[in-house]
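One structure is given here, and the rest of the page talks about it.
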Amino acid sequence: MAERRRGRAARRGTTEPHVVVAPPPHPSGETPPAVPRELVPRHVAIVMDGNGRWANARGLPRTEGHAAGEAALLDVVAGAIEIGVRHVSAYAFSTENWSRSPEEVRFLMGFNRDVLRRQRDTMHAWGVRVRWAGRRPRLWRSVITELETAEELTRDNDVCTLTMCVNYGGRAEIADAAREIAREVAAGRLSAERVDERAIARHLDEPDLPDVDLFLRTSGEQRISNFMIWQAAYAELVFLEEYWPDVDRRHLWRAVETYARRDRRYGGAVDRASS
């Protein structure tokens with residue numbers, strides 16, 4: 001796969017220098033808060049929830065809510081770049097979303113495909129690397145094509161990485177990793193005694209994706225819904241009341257400020273000095 005992608009890139013002649021441009025400022029003129037670099041989360045995972053309820057509240061079909069969420073994602077990525085977040089993972093379509101109505105599933109498949117097609121040049125211009133996490137089975141071939149095209153176009157970018165999680169589930173990801181490890185053990189390429197946390201992490205969809213620092217969910221729901229359950233083991237959770245289409249980069253910035261105020265101990269503890 002990697003060699004085929006390199007070959008296509010070479011045939012396209014992608015050796016021309018790529019000039020990265022900054023995202024446009026927010027229309028309000030607001031700029032990101034001054035958060036110390038070491039307190040900015042490296043990886044933010046986002047459950048973009050509330051699209052359907054946003055539409056229902058306006059007497060619109062649920063699909064209109066999903067469409068309205070596209071601008072929110074674009075603006076949040078712009079805000080991530082401005083404040084220094086290096087990785088954003090967006091829950092675009094879960095393995096459980098197949099249980100929705102056939103009409104909504106068809107819309108979401110086509111919508112994810114078209115969003116990638118519409119926005120990949122913008123992401124590339126901003127220096128964003130687009131990646132895909134999720135399962136191939138059941139996913140439309142046209143969606144896979146757009147995901148791979150965006151990955152190839154942006155593969156050398158390093159300003160920020162946007163991981164689109166399409167046909168993704170945290171349990172499914174871990175199950176797939178366990179299956180691959182079992183095959184390696186059965187083939188004698190890996191000893192069962194060497195199956196540890198690092199071995200599992202190496203077999204996840206994106207092995208080099210850092211752990212989630214900030215887990216952000218919109219619409220007032222307070223659960224992780226099977227999203228990045230391995231990577232988010234020590235994530236700070238921030239829940240917003242706003243529906244996803246009403247979110248922009250300023251909500252991300254406030255969540256980053258909340259994150260920066262948290263005391264992250266990773267299971268350790270420090271006694272307060274006695275007075």
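Going by the structure tokens order, chains are called A, B, ..., each with residues numbered from 1, while ligands are numbered from 1 in the order shown.
The protein and nucleic acid residues lying at most 9 Å from region 54-62 of chain A are Ala68, Glu104, Ser219, Tyr243, Trp244, Pro245 and Asp246 of chain A, with only C-alpha atoms considered and sequence neighbours fewer than 6 positions away removed.
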Based on the selection just made, write N, CA, C and O atoms of those residues as a compact mmCIF listing (two decimals), in the first residue's frame.
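Result file follows (part21.txt):
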```txt
# COMPACT_ATOMS: atom_id res chain seq x y z
N ALA A 68 -24.82 21.08 8.43
CA ALA A 68 -24.40 22.30 9.13
C ALA A 68 -23.14 22.08 9.95
O ALA A 68 -22.42 23.04 10.27
N GLU A 104 -30.59 7.84 6.42
CA GLU A 104 -29.56 8.63 7.11
C GLU A 104 -28.17 8.04 6.86
O GLU A 104 -27.20 8.79 6.69
N SER A 219 -23.24 18.79 22.87
CA SER A 219 -24.68 18.50 22.99
C SER A 219 -25.13 18.13 24.39
O SER A 219 -26.27 17.74 24.59
N TYR A 243 -24.95 22.17 20.71
CA TYR A 243 -24.97 21.18 19.64
C TYR A 243 -23.80 21.45 18.70
O TYR A 243 -23.36 22.59 18.54
N TRP A 244 -23.32 20.41 18.04
CA TRP A 244 -22.13 20.55 17.21
C TRP A 244 -22.22 21.67 16.18
O TRP A 244 -21.26 22.44 16.02
N PRO A 245 -23.33 21.85 15.44
CA PRO A 245 -23.34 22.92 14.43
C PRO A 245 -23.19 24.32 15.03
O PRO A 245 -22.87 25.27 14.29
N ASP A 246 -23.41 24.48 16.33
CA ASP A 246 -23.27 25.79 16.97
C ASP A 246 -21.86 26.02 17.53
O ASP A 246 -21.60 27.07 18.14
```
Please extract the residues of region 98-216 of chain A with a backbone DSSP assignment of helix (DSSP H, G or I) and present them as JSON, numbers by chain.
{"A": [98, 99, 102, 103, 104, 105, 106, 107, 108, 109, 110, 111, 112, 113, 114, 115, 116, 117, 118, 119, 120, 121, 122, 123, 124, 125, 141, 142, 143, 144, 145, 146, 147, 148, 149, 150, 151, 152, 153, 154, 170, 171, 172, 173, 174, 175, 176, 177, 178, 179, 180, 181, 182, 183, 184, 185, 186, 192, 193, 194, 197, 198, 199, 200, 201, 202]}
I need the residues from that last selection saved to file as a short mmCIF file (atom, residue, chain, number, x, y, z; two decimals), in the first residue's frame (with C-alpha atoms), if you can.
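Output file result-v6.cif is given in full below:
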```cif
data_model
loop_
_atom_site.label_atom_id
_atom_site.label_comp_id
_atom_site.auth_asym_id
_atom_site.auth_seq_id
_atom_site.Cartn_x
_atom_site.Cartn_y
_atom_site.Cartn_z
CA TRP A 98 -25.08 1.50 10.71
CA SER A 99 -28.15 0.93 12.91
CA PRO A 102 -31.06 3.52 5.63
CA GLU A 103 -31.77 7.05 4.45
CA GLU A 104 -29.56 8.63 7.11
CA VAL A 105 -26.77 6.08 6.55
CA ARG A 106 -26.80 6.80 2.82
CA PHE A 107 -26.67 10.52 3.51
CA LEU A 108 -23.77 10.17 5.97
CA MET A 109 -21.77 8.02 3.57
CA GLY A 110 -22.20 10.49 0.75
CA PHE A 111 -21.69 13.45 3.05
CA ASN A 112 -18.39 12.17 4.46
CA ARG A 113 -17.20 11.49 0.93
CA ASP A 114 -18.17 14.95 -0.27
CA VAL A 115 -16.72 16.75 2.76
CA LEU A 116 -13.35 15.15 2.08
CA ARG A 117 -13.58 16.14 -1.56
CA ARG A 118 -14.59 19.72 -0.77
CA GLN A 119 -12.19 20.39 2.08
CA ARG A 120 -9.02 18.43 1.30
CA ASP A 121 -7.45 21.33 -0.63
CA THR A 122 -8.17 23.68 2.27
CA MET A 123 -6.65 21.22 4.73
CA HIS A 124 -3.62 20.87 2.46
CA ALA A 125 -3.24 24.64 2.16
CA ARG A 141 -15.69 2.30 -1.98
CA SER A 142 -16.11 5.97 -2.98
CA VAL A 143 -15.61 7.03 0.65
CA ILE A 144 -12.44 4.94 0.93
CA THR A 145 -11.17 6.50 -2.30
CA GLU A 146 -11.66 10.03 -0.98
CA LEU A 147 -10.04 9.16 2.35
CA GLU A 148 -7.00 7.67 0.62
CA THR A 149 -6.78 10.58 -1.81
CA ALA A 150 -6.78 13.06 1.07
CA GLU A 151 -4.18 10.98 2.93
CA GLU A 152 -1.89 10.91 -0.07
CA LEU A 153 -2.27 14.61 -0.90
CA THR A 154 -1.49 15.73 2.66
CA GLY A 170 -12.99 1.77 19.99
CA ARG A 171 -13.91 -1.83 20.80
CA ALA A 172 -13.72 -2.80 17.13
CA GLU A 173 -10.23 -1.26 16.92
CA ILE A 174 -9.03 -3.26 19.93
CA ALA A 175 -10.67 -6.45 18.64
CA ASP A 176 -8.97 -6.01 15.27
CA ALA A 177 -5.62 -5.47 17.01
CA ALA A 178 -6.14 -8.63 19.10
CA ARG A 179 -6.95 -10.61 15.96
CA GLU A 180 -3.75 -9.48 14.26
CA ILE A 181 -1.71 -10.29 17.37
CA ALA A 182 -3.30 -13.75 17.55
CA ARG A 183 -2.30 -14.38 13.95
CA GLU A 184 1.27 -13.34 14.67
CA VAL A 185 1.43 -15.60 17.71
CA ALA A 186 -0.04 -18.52 15.75
CA ALA A 192 2.50 -14.83 23.72
CA GLU A 193 4.63 -13.71 26.66
CA ARG A 194 5.54 -10.55 24.75
CA GLU A 197 0.30 -2.83 26.17
CA ARG A 198 2.96 -1.75 23.69
CA ALA A 199 2.22 -4.72 21.44
CA ILE A 200 -1.47 -3.86 21.40
CA ALA A 201 -0.75 -0.20 20.71
CA ARG A 202 1.41 -1.15 17.72
#
```
Could you name the residues that touch region 17-27 of chain A at 6 Å or less, counting only C-alpha atoms, but leaving out those on the same chain fewer than 4 positions away, as a PyMOL selection string?
chain A and resi 78+125-127
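Shortest atom-to-atom contact with Val77 (chain A) among A:Thr161, A:Thr31, A:Thr95, A:Asn51: A:Thr161, counting only C-alpha atoms.
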With distances taken over only C-alpha atoms, the candidate from A:Arg261, A:Leu190, A:Phe93, A:Asp158 nearest Trp132 (chain A) is A:Phe93
From a DSSP pass on the backbone, collect the residues of region 11-104 of chain A flagged as strand (DSSP E) and hand them back as a PDB file with all heavy atoms, in the first residue's frame.
```pdb
ATOM      1  N   HIS A  43      -3.215  16.229  21.719  1.00  0.00           N
ATOM      2  CA  HIS A  43      -4.214  15.485  20.946  1.00  0.00           C
ATOM      3  C   HIS A  43      -5.597  15.733  21.536  1.00  0.00           C
ATOM      4  O   HIS A  43      -5.833  15.474  22.709  1.00  0.00           O
ATOM      5  CB  HIS A  43      -3.863  13.984  20.983  1.00  0.00           C
ATOM      6  CG  HIS A  43      -4.784  13.119  20.173  1.00  0.00           C
ATOM      7  ND1 HIS A  43      -4.706  11.738  20.182  1.00  0.00           N
ATOM      8  CD2 HIS A  43      -5.809  13.422  19.327  1.00  0.00           C
ATOM      9  CE1 HIS A  43      -5.623  11.241  19.383  1.00  0.00           C
ATOM     10  NE2 HIS A  43      -6.317  12.242  18.854  1.00  0.00           N
ATOM     11  N   VAL A  44      -6.503  16.235  20.695  1.00  0.00           N
ATOM     12  CA  VAL A  44      -7.893  16.461  21.091  1.00  0.00           C
ATOM     13  C   VAL A  44      -8.791  15.523  20.287  1.00  0.00           C
ATOM     14  O   VAL A  44      -8.740  15.519  19.047  1.00  0.00           O
ATOM     15  CB  VAL A  44      -8.318  17.923  20.851  1.00  0.00           C
ATOM     16  CG1 VAL A  44      -9.793  18.118  21.223  1.00  0.00           C
ATOM     17  CG2 VAL A  44      -7.436  18.880  21.646  1.00  0.00           C
ATOM     18  N   ALA A  45      -9.582  14.720  20.976  1.00  0.00           N
ATOM     19  CA  ALA A  45     -10.564  13.843  20.331  1.00  0.00           C
ATOM     20  C   ALA A  45     -11.938  14.469  20.496  1.00  0.00           C
ATOM     21  O   ALA A  45     -12.295  14.920  21.585  1.00  0.00           O
ATOM     22  CB  ALA A  45     -10.527  12.450  20.953  1.00  0.00           C
ATOM     23  N   ILE A  46     -12.715  14.494  19.417  1.00  0.00           N
ATOM     24  CA  ILE A  46     -13.992  15.212  19.437  1.00  0.00           C
ATOM     25  C   ILE A  46     -15.133  14.299  19.006  1.00  0.00           C
ATOM     26  O   ILE A  46     -15.091  13.703  17.923  1.00  0.00           O
ATOM     27  CB  ILE A  46     -13.951  16.445  18.515  1.00  0.00           C
ATOM     28  CG1 ILE A  46     -12.775  17.361  18.877  1.00  0.00           C
ATOM     29  CG2 ILE A  46     -15.267  17.206  18.592  1.00  0.00           C
ATOM     30  CD1 ILE A  46     -12.620  18.554  17.946  1.00  0.00           C
ATOM     31  N   VAL A  47     -16.151  14.213  19.864  1.00  0.00           N
ATOM     32  CA  VAL A  47     -17.418  13.583  19.484  1.00  0.00           C
ATOM     33  C   VAL A  47     -18.344  14.715  19.055  1.00  0.00           C
ATOM     34  O   VAL A  47     -18.798  15.512  19.870  1.00  0.00           O
ATOM     35  CB  VAL A  47     -18.031  12.789  20.656  1.00  0.00           C
ATOM     36  CG1 VAL A  47     -19.370  12.183  20.249  1.00  0.00           C
ATOM     37  CG2 VAL A  47     -17.074  11.683  21.103  1.00  0.00           C
ATOM     38  N   HIS A  87      -2.852  17.394  17.076  1.00  0.00           N
ATOM     39  CA  HIS A  87      -3.674  16.288  16.577  1.00  0.00           C
ATOM     40  C   HIS A  87      -5.132  16.521  16.949  1.00  0.00           C
ATOM     41  O   HIS A  87      -5.444  16.809  18.107  1.00  0.00           O
ATOM     42  CB  HIS A  87      -3.219  14.949  17.171  1.00  0.00           C
ATOM     43  CG  HIS A  87      -1.861  14.508  16.728  1.00  0.00           C
ATOM     44  ND1 HIS A  87      -1.669  13.679  15.638  1.00  0.00           N
ATOM     45  CD2 HIS A  87      -0.635  14.785  17.232  1.00  0.00           C
ATOM     46  CE1 HIS A  87      -0.366  13.455  15.499  1.00  0.00           C
ATOM     47  NE2 HIS A  87       0.274  14.128  16.447  1.00  0.00           N
ATOM     48  N   VAL A  88      -6.004  16.378  15.962  1.00  0.00           N
ATOM     49  CA  VAL A  88      -7.453  16.408  16.182  1.00  0.00           C
ATOM     50  C   VAL A  88      -8.029  15.136  15.583  1.00  0.00           C
ATOM     51  O   VAL A  88      -7.761  14.810  14.425  1.00  0.00           O
ATOM     52  CB  VAL A  88      -8.102  17.640  15.520  1.00  0.00           C
ATOM     53  CG1 VAL A  88      -9.629  17.570  15.649  1.00  0.00           C
ATOM     54  CG2 VAL A  88      -7.577  18.933  16.118  1.00  0.00           C
ATOM     55  N   SER A  89      -8.801  14.407  16.384  1.00  0.00           N
ATOM     56  CA  SER A  89      -9.479  13.214  15.889  1.00  0.00           C
ATOM     57  C   SER A  89     -10.977  13.452  15.955  1.00  0.00           C
ATOM     58  O   SER A  89     -11.503  13.809  17.020  1.00  0.00           O
ATOM     59  CB  SER A  89      -9.100  11.975  16.709  1.00  0.00           C
ATOM     60  OG  SER A  89      -7.733  11.665  16.542  1.00  0.00           O
ATOM     61  N   ALA A  90     -11.664  13.281  14.832  1.00  0.00           N
ATOM     62  CA  ALA A  90     -13.082  13.597  14.733  1.00  0.00           C
ATOM     63  C   ALA A  90     -13.886  12.323  14.481  1.00  0.00           C
ATOM     64  O   ALA A  90     -13.591  11.574  13.543  1.00  0.00           O
ATOM     65  CB  ALA A  90     -13.320  14.604  13.610  1.00  0.00           C
ATOM     66  N   TYR A  91     -14.891  12.098  15.310  1.00  0.00           N
ATOM     67  CA  TYR A  91     -15.752  10.923  15.210  1.00  0.00           C
ATOM     68  C   TYR A  91     -16.805  11.202  14.139  1.00  0.00           C
ATOM     69  O   TYR A  91     -17.862  11.754  14.411  1.00  0.00           O
ATOM     70  CB  TYR A  91     -16.413  10.699  16.558  1.00  0.00           C
ATOM     71  CG  TYR A  91     -16.732   9.261  16.913  1.00  0.00           C
ATOM     72  CD1 TYR A  91     -16.391   8.204  16.097  1.00  0.00           C
ATOM     73  CD2 TYR A  91     -17.381   8.976  18.109  1.00  0.00           C
ATOM     74  CE1 TYR A  91     -16.672   6.896  16.453  1.00  0.00           C
ATOM     75  CE2 TYR A  91     -17.672   7.674  18.485  1.00  0.00           C
ATOM     76  CZ  TYR A  91     -17.321   6.639  17.652  1.00  0.00           C
ATOM     77  OH  TYR A  91     -17.607   5.345  18.017  1.00  0.00           O
ATOM     78  N   ALA A  92     -16.527  10.795  12.910  1.00  0.00           N
ATOM     79  CA  ALA A  92     -17.393  11.138  11.785  1.00  0.00           C
ATOM     80  C   ALA A  92     -18.487  10.106  11.534  1.00  0.00           C
ATOM     81  O   ALA A  92     -19.600  10.464  11.118  1.00  0.00           O
ATOM     82  CB  ALA A  92     -16.547  11.312  10.524  1.00  0.00           C
ATOM     83  N   PHE A  93     -18.182   8.823  11.752  1.00  0.00           N
ATOM     84  CA  PHE A  93     -19.179   7.759  11.549  1.00  0.00           C
ATOM     85  C   PHE A  93     -18.719   6.554  12.350  1.00  0.00           C
ATOM     86  O   PHE A  93     -17.621   6.032  12.115  1.00  0.00           O
ATOM     87  CB  PHE A  93     -19.303   7.395  10.068  1.00  0.00           C
ATOM     88  CG  PHE A  93     -20.451   6.469   9.766  1.00  0.00           C
ATOM     89  CD1 PHE A  93     -21.702   6.970   9.457  1.00  0.00           C
ATOM     90  CD2 PHE A  93     -20.278   5.090   9.794  1.00  0.00           C
ATOM     91  CE1 PHE A  93     -22.761   6.114   9.176  1.00  0.00           C
ATOM     92  CE2 PHE A  93     -21.327   4.228   9.512  1.00  0.00           C
ATOM     93  CZ  PHE A  93     -22.582   4.746   9.214  1.00  0.00           C
ATOM     94  N   SER A  94     -19.551   6.124  13.294  1.00  0.00           N
ATOM     95  CA  SER A  94     -19.158   5.024  14.165  1.00  0.00           C
ATOM     96  C   SER A  94     -19.637   3.682  13.616  1.00  0.00           C
ATOM     97  O   SER A  94     -20.525   3.615  12.746  1.00  0.00           O
ATOM     98  CB  SER A  94     -19.733   5.229  15.570  1.00  0.00           C
ATOM     99  OG  SER A  94     -21.109   4.916  15.591  1.00  0.00           O
TER     100      SER A  94
END
```
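Across the structure, CA of Ile81 (chain A) and CA of Gly220 (chain A) are spaced 25.3 Å apart.
Of the residues listed (A:Arg250, A:Arg136, A:His66, A:Arg189), A:Arg250 shows the shortest atom-to-atom separation from Glu82 (chain A); distances use only C-alpha atoms.
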Excluding Gly134 (chain A) and its own-chain neighbours fewer than 2 positions away, which residues fall within 7 Å of it when counting only C-alpha atoms? Please give them as a list in words.
Trp132, Arg136, Cys165, Val166, Asn167, Tyr168 and Asp205 of chain A
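The smallest atom-to-atom distance between Pro36 (chain A) and any of A:Ile83, A:Ile229, A:Ala255, A:Met164, using only C-alpha atoms, is found for A:Ile83.
Picture a line from CA of Arg135 (chain A) to CA of Arg53 (chain A); it runs 27.1 Å.
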